[in-house]
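Note sheet for the following structure.
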Amino acid sequence: MAHEPQHVEQHFHDAANVTNPEHAEHHVVSPAQYALVFATLLACTALTVFAADINLGVFNPIIALAIASFKGVIVILFFMHVKYQSHLIKTTVAVGFFMFLVLVTMTLSDYISRAWGLW
Amino acid sequence: MDSAIATTHVDSPGPGAVEQQHEHVVLPQHRHHFATEEQQRESGSFGMWLFLLTEIMFFGGLFFAYLLFRNWYYDAFVAASNTLNIGMGAANTAILITSGFFMALGVWAAEVRKKNLLVLFLVLTTVFGCAFLGVKYFEYKEKFELHHVPGASFDVSQFIHPPVDANTGKPVGNPLPPDAAQKTQMFFFLYFAMTGMHALHMIIGIGLLFWLLARAQRGDFTAGYVAPIENFGLYWHFVDIVWIFLFPLLYLINRHPLAH
Amino acid sequence: MSASSHTILNLPDQSTAQLPRKNFINAEHGLLSWLLTGDHKRIAILYLISITFFFFIGGAFAGLIRLELLTPQPDLVSSDTYNKFFTMHGIIMIFLFLVPSVPATLGNFLIPMMIGARDLAFPKINLLSWYLYVVGGILTLTALVLGGVDTGWTFTAPLSTHYLNTHVITTASAIFVAGFSSIFTGLNFIVTIHRMRCPGMTWFRMPLFVWAHYAASILMVLGTPVVAITLVLVILERLVGIGVFDPTKGGDPLLFQHLFWFYSHPAVYIMILPGMGVISEVVSTFSRKRVFGYTAVAFSSVAIALFGFFVWEHHMFIMGVSNYSALVFSLLTMLVAVPSAIKIFNWCFTLQQGSITFETPMLYAFGFMGLFTIGGLTGVFLGSLGMDIQLTETYFIVAHFHFVMVGGMLMAFLSGVHFWWPKMTGRMYSEALSKLAAVVTFIGFVLTFMPQFVLGYLGMPRRYHAYPQEFQVLNVLSTAGATVLGVGYLMPMLYLAWSLKYGAIAGDNPWQATGLEWQTQSPPLTENFPEIPIMDHEAYDYEWLEHKTAQEVTHVG
């Protein structure tokens, strides 16, 4: 295996940038940004409690889940830094939620389409 | 790299091996099988995310069971949910979010190498985490006293004949027929299973926090080695997200049962 | 296989050959250096020893099952005991043998070497993985010694939650722990493959063995947690009696099955994909030809992993699921067969115009290709709803999954062990004995399981220890085959163990294969390579190998 002489200046020479193809800049999120997210999360918590007290019929659970999802997303993007991470990490997070959705929807496909009573 | 003479290379390392030794000197946490510290850090983070994916799927089974039985026994779930203390639940949500906020600040403190701030934030994270568990303890205790723990001691009578609210003069919920009233046990089982599993993850997290605190106090994480704090933060935030979903699903099913 | 068949086996001159002075086996001494190792190769050996141990326990139960089934009457053991036989056989073989077999032994050993890395990403987690496996194994043995469990390996509720007083909780805990062993192995592989490839090793230059393990690892990481929570729920249901799966309390037994099979179907792909990776390597090496349609084979591994998540309900067609969902899952099951078939076609085209030789790994590979095809096709029959109603819960199913798992996966495992044995140990085994064992295994297998297809469509139910008189001949044939099969599996134990001390010195590359693992000493150094290699050629590049060996110094002076 012929290989060209390697220079010691930095790390070793990785021509195809194989070891770190997903190189993402190391971004430090500031406390101010965290504080903003924190305040938003608390506001959303209050919002979801108040929304639950208003009678919106079938929209109550939808709104509750929407607010919870929004909270989850901002925790993931900012507290967990995913906004500043590589494509690999972003894809990984998406895959996780995709699989959860597969579990729920495909199992539901049985329960929803049963001919007998309960659904 | 001729195989016949490969073994002798161990004694007289080629240029590649020299770089590895060069790396060792630079950063103390660098493990030998990684080429660069950056590779190690990104691998660690990726590994933690994969672990969190397993946790998503682990809780996923419970969430599906909840979804199914909530739809099968909606009225029973509504009645049972309304016996939960929404004030405690909301307070716990705020407490856990605050704990997460301090954890995020802790990661920042480690990155800007401020040891005392890091220790402070880790302590605050732990304190709020313990506060969460404390509130949970009181909630569980109340459930036990009201005979809402599923099993032999479960009391369905208050669902068959709902008590009258002293303020409004109206019953707190619709009376349920006896078989539907029995299904409130399903709600409580899922309540205890899901919050219990969540609490178990919190307890493990708090245990890890104590260990991290000890090491942070020694200065292990404010000299450039942030990975354990960062990766623990990912775990802690994930546990927070689970609660963010548990709160509306368990506590806020339907606060207006009498209206519809 | 004529006596004068050409072989590619190329051993060094035995009069002067020696094992390398320094290798991963003699690098450190003492039991603790093995029990506390971080070296992926040592962990692989630890796994190899443990899974072999459990294989023989599972095999003993298989023998007992077949012994009972020699006669139509339930005369050897009581029905409860018979239930324990097939339950323990299933649990041990699936969770303690097949799931870890190729990934934890060959995968652990080879993946870092194949991609030019020094170790897996997380060596300590790798060791933890082995300890979790051992704990799971000990818990299973505990359940066994305390009296066993008789639910069937599928733990179906409400039988397992309400109607049995055997050691369900112990066994469920055992599998829970073993499941985390699997999760951590998969997690380690995914991070390693993404992040630790050597310079020049792009995704499409990796050996297909690595692709197969990547796909299986995705299944391990995403699927196993669901069976974990399911087992937790079963344990809670038994301990506290709540009713998620109990109809009298409003629960649904089918919920258990949905959650259980959500993992257990991908589990079969976890088991088979690494074996398919082995076959890709072996077929290429022994036809001296690159794998035909590399990209198709690589993507088909990932496709099997993806589609494998969408088909679990085909285990539940007769259990009370809705007809509409059964239709959907049946269609999806047909689709999942396609990527597997793609692989078989690609291997066949690899063989075409190749320079084929019939060493032992290749014999097992041929066995795999034939038997897996039969098993896979019968799976398609079972995927069609009308057929499934007739054939499910009969011996047809038993034959189907033994064809894919034993005729397929176990043969692939043996192929891999025989292929990489010289690399792992530096020694070569007796070619004559190993070929004989391969043939004996094949004959024993067909004799054992082919009659079971017939028994199945004639209507013999599975998990019964008594059957109508007219089925006896086929059952006797099956038991006879099982005896032959047992001999076939015992033989490798003997000659492989013998080879450790007396086998020929294998040298670096006795099979003249192209992978990176073959370009370094056998057994390898602890750090795998003296210098990190740089990958400058495609996978399975036999011209590159020829060019390299032509330039090599093989004699000094």
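Ligands are numbered from 1 in the order shown, residues from 1 within each chain, and chains are lettered A, B, ... in the order they appear in the structure tokens.
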Distance query Thr92 in chain A at most 12 Å, only C-alpha atoms, self and fewer than 2 positions along chain excluded, as an MDAnalysis selection string:
(chainID A and resid 82 85:90 94:99) or (chainID B and resid 45:54 56) or (chainID C and resid 190:191 194 218 221:222)
Fewer than 6 positions away in the same chain doesn't count, so skip those; otherwise give me all residues within 9 Å of Ile203 in chain B, counting only C-alpha atoms, as a ChimeraX atom specification.
/B:129-130,133
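Using only C-alpha atoms, the residues found no farther than 12 Å from Lys83 in chain A, other than those of its own chain fewer than 4 positions away, are Ala24, Glu25, His26, His27, Val28, Val29, Val73, Ile74, Val75, Ile76, Leu77, Phe78, Phe79, His87, Leu88, Ile89, Lys90, Thr91 and Val93 of chain A.
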Of the candidates C:Trp421, C:Phe176, C:Phe345, C:Phe449, which one gets nearest to chain B if we count only C-alpha atoms?
C:Phe176
Give me, as an NGL selection string, the residues of chain C touching chain A, with the criterion being at most 10 Å (counting only C-alpha atoms).
:C and (193-203 or 222-223 or 226 or 254-255 or 258-259 or 262 or 306 or 309-313 or 320-326 or 328-329 or 519 or 533-537 or 544-545 or 548)
So which residues touch Leu433 in chain C within 9 Å, counting only C-alpha atoms, skipping near sequence neighbours fewer than 3 positions away, as number ranges by chain?
C: 429-430, 436-438, 491-492, 495
Write out, as a PDB file, in the first residue's frame, the residues just selected, with N, CA and C atoms.
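Wrote it out as out.pdb, contents follow:
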```pdb
ATOM      1  N   TYR C 429      -7.175 -25.367  10.328  1.00  0.00           N
ATOM      2  CA  TYR C 429      -7.759 -26.625  10.781  1.00  0.00           C
ATOM      3  C   TYR C 429      -7.620 -27.667   9.663  1.00  0.00           C
ATOM      4  N   SER C 430      -8.024 -28.886   9.982  1.00  0.00           N
ATOM      5  CA  SER C 430      -7.931 -29.962   9.007  1.00  0.00           C
ATOM      6  C   SER C 430      -9.001 -29.783   7.941  1.00  0.00           C
ATOM      7  N   LEU C 436     -15.907 -32.560   5.661  1.00  0.00           N
ATOM      8  CA  LEU C 436     -16.801 -33.651   6.047  1.00  0.00           C
ATOM      9  C   LEU C 436     -17.892 -33.126   6.969  1.00  0.00           C
ATOM     10  N   ALA C 437     -17.499 -32.313   7.951  1.00  0.00           N
ATOM     11  CA  ALA C 437     -18.487 -31.756   8.883  1.00  0.00           C
ATOM     12  C   ALA C 437     -19.513 -30.929   8.139  1.00  0.00           C
ATOM     13  N   ALA C 438     -19.073 -30.139   7.161  1.00  0.00           N
ATOM     14  CA  ALA C 438     -20.012 -29.309   6.413  1.00  0.00           C
ATOM     15  C   ALA C 438     -21.028 -30.175   5.687  1.00  0.00           C
ATOM     16  N   MET C 491     -18.449 -31.910  15.431  1.00  0.00           N
ATOM     17  CA  MET C 491     -17.145 -32.083  14.789  1.00  0.00           C
ATOM     18  C   MET C 491     -16.299 -30.813  14.798  1.00  0.00           C
ATOM     19  N   PRO C 492     -16.864 -29.640  14.426  1.00  0.00           N
ATOM     20  CA  PRO C 492     -16.009 -28.443  14.443  1.00  0.00           C
ATOM     21  C   PRO C 492     -15.426 -28.165  15.814  1.00  0.00           C
ATOM     22  N   TYR C 495     -12.233 -30.463  15.867  1.00  0.00           N
ATOM     23  CA  TYR C 495     -11.053 -30.173  15.061  1.00  0.00           C
ATOM     24  C   TYR C 495     -10.587 -28.723  15.200  1.00  0.00           C
TER      25      TYR C 495
END
```
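Proximity ranking of A:Val58, A:Ala51, A:Tyr84, A:Phe38 relative to chain B places A:Phe38 first, based on only C-alpha atoms.
Closest approach to chain C from the set B:Pro171, B:Gly196, B:Pro162, B:Gly134 is made by B:Gly196, with distances taken over only C-alpha atoms.
With distances taken over only C-alpha atoms, B:Arg70 is the one residue among B:Lys136, B:His201, B:Arg70, B:His32 lying closest to chain A.
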Taking the backbone alone, and naming residues the way the document does, which bits of range 405-504 of chain C are alpha helix (DSSP H) by DSSP, as an MDAnalysis selection string?
chainID C and resid 411:425 431:458 472:502
For range 96-112 of chain B, list every protein, DNA or RNA residue within 9 Å, evaluated using only C-alpha atoms, and leave out those in the same chain fewer than 3 positions away; present the list as a PyMOL selection string.
(chain A and resi 28-31+34-35+37-38+41-42+75+78-80) or (chain B and resi 91-93+115-129+131-132+216+221-226+229-230+232-233+236-237+240-241+243-244)
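Residues lying within 10 Å of Phe204 in chain C, counting only C-alpha atoms and ignoring same-chain neighbours fewer than 5 positions away, are C:Trp211, C:Tyr294, C:Thr295, C:Ala298, C:Glu538, C:Ala539.
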Output for the residues just chosen: C-alpha atoms as an mmCIF file, in the first residue's frame:
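out.cif, freshly written:
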```
data_model
loop_
_atom_site.group_PDB
_atom_site.id
_atom_site.type_symbol
_atom_site.label_atom_id
_atom_site.label_comp_id
_atom_site.auth_asym_id
_atom_site.auth_seq_id
_atom_site.Cartn_x
_atom_site.Cartn_y
_atom_site.Cartn_z
ATOM 1 C CA TRP C 211 -22.671 -2.762 5.516
ATOM 2 C CA TYR C 294 -21.839 -4.021 -4.752
ATOM 3 C CA THR C 295 -24.160 -1.031 -4.472
ATOM 4 C CA ALA C 298 -25.123 -2.635 0.207
ATOM 5 C CA GLU C 538 -12.074 -0.443 -4.198
ATOM 6 C CA ALA C 539 -13.406 -3.353 -2.178
#
```
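Among the candidate residues B:Val135, B:Thr83, B:Pro28, B:Gln217, the one lying nearest to Lys114 in chain B is B:Gln217, with distances computed using only C-alpha atoms.
Nearest residue to Glu531 in chain C among C:Gly30, C:Ala117, C:Arg21, C:Pro274 is C:Ala117, counting only C-alpha atoms.
One finds CA of Leu231 in chain C at 17.1 Å from CA of Gly148 in chain C.
Coordinates place CA of Gly59 in chain C at a distance of 19.7 Å from CA of Phe368 in chain C.
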Would you compute the distance between CA of Phe138 in chain B and CA of Asn85 in chain B? Give it in Å to one decimal.
10.3 Å
